[in-house]
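Visitor: One structure, pasted below without further comment.
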Amino acid sequence: MNRPYRVVVAKPGLDGHDRGAKVIARALRDAGFEVIYTGLHQTPEQIVAAALQEDAEAIGLSVLSGAHVTLCRVI
């Protein structure tokens with residue numbers, strides 16, 4: 001039995017505008033994806049932990065401010 005493709009949609013950083021993330025989450029759900037929305041103000045570590053816990057195939061980040069450049073640096 002195949003399960004739907006799982007996507008974690010997250011809003012990292014301090015930006016409080018989540019309408020875009022909710023619109024994308026709903027569009028993915030309507031297209032047959034299983035969507036896990038983590039809510040506002042998530043750290044990269046929290047987002048990865050949620051994706052691992054939910055056994056997700058993908059992570060979608062909603063960041064309008066460009067804060068992802070600072071929050072998600074490659075080490």
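Naming scheme: A, B, ... for chains in displayed order of the structure tokens; residues 1 onward per chain; ligands 1 onward as shown.
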Would you please extract all strand (DSSP E or B) residues from stretch 10-52 of chain A, as assigned by DSSP on the backbone, and give them as a ChimeraX atom specification?
Guide: /A:10,12,34-37,42
Visitor: Give me a file of those residues, with N, CA and C atoms, as a short mmCIF file (atom, residue, chain, number, x, y, z; two decimals), in the first residue's frame.
Guide:
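Wrote it out as part_7.cif, contents follow:
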```cif
data_model
loop_
_atom_site.label_atom_id
_atom_site.label_comp_id
_atom_site.auth_asym_id
_atom_site.auth_seq_id
_atom_site.Cartn_x
_atom_site.Cartn_y
_atom_site.Cartn_z
N ALA A 10 7.20 24.69 6.67
CA ALA A 10 7.66 25.37 7.88
C ALA A 10 7.89 26.85 7.63
N PRO A 12 10.40 29.37 9.16
CA PRO A 12 11.53 29.62 10.07
C PRO A 12 11.70 31.11 10.40
N GLU A 34 0.25 14.69 1.66
CA GLU A 34 0.01 14.78 3.09
C GLU A 34 0.91 15.89 3.60
N VAL A 35 0.33 16.92 4.21
CA VAL A 35 1.08 18.11 4.62
C VAL A 35 1.11 18.22 6.14
N ILE A 36 2.31 18.46 6.66
CA ILE A 36 2.49 18.73 8.07
C ILE A 36 2.97 20.17 8.17
N TYR A 37 2.16 21.05 8.74
CA TYR A 37 2.52 22.46 8.89
C TYR A 37 3.01 22.68 10.31
N GLN A 42 9.89 28.75 13.77
CA GLN A 42 10.60 27.48 13.94
C GLN A 42 12.10 27.66 13.68
#
```
Visitor: Rounded to one decimal in Å, what is the spacing between atom CA of A:Ala31 and atom CA of A:Leu64?
Guide: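 Interatomic distance here is 23.7 Å.
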Visitor: With distances taken over only C-alpha atoms, which residue among A:Gly32, A:Pro44, A:Val63, A:Ala58 lies nearest A:Val8?
Guide: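 Closest candidate: A:Ala58.
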Visitor: To one decimal place in Å, what is the distance between atom CA of A:Ala50 and atom CA of A:Ala21?
Guide: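 Computing it gives 16.0 Å between the two atoms.
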Visitor: Using Å and a single decimal, report how far atom CA of A:Pro4 sits from atom CA of A:His17.
Guide: 27.8 Å
Visitor: Pick out the closest residue to A:Leu28 from this set: A:Glu54, A:Ala49, A:His41, A:Gly60. Count only C-alpha atoms.
Guide: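 For A:Leu28, the nearest of the candidates is A:Gly60.
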Visitor: Per DSSP on the backbone, filter stretch 10-68 of chain A down to the residues in helix (DSSP H, G or I) and report them as a ChimeraX atom specification.
Guide: /A:19-30,44-54,68
Visitor: Of the candidates A:Leu40, A:Asp55, A:Leu61, A:Asp18, which one gets nearest to A:Arg3 if we count only C-alpha atoms?
Guide: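 The answer is A:Asp55, which sits nearest to A:Arg3.
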Visitor: Point out the residue among A:Ala51, A:Gly39, A:Glu45, A:Val7 with the least atom-to-atom distance to A:Gly20, counting only C-alpha atoms.
Guide: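 Residue with the minimum atom-to-atom distance to A:Gly20: A:Gly39.
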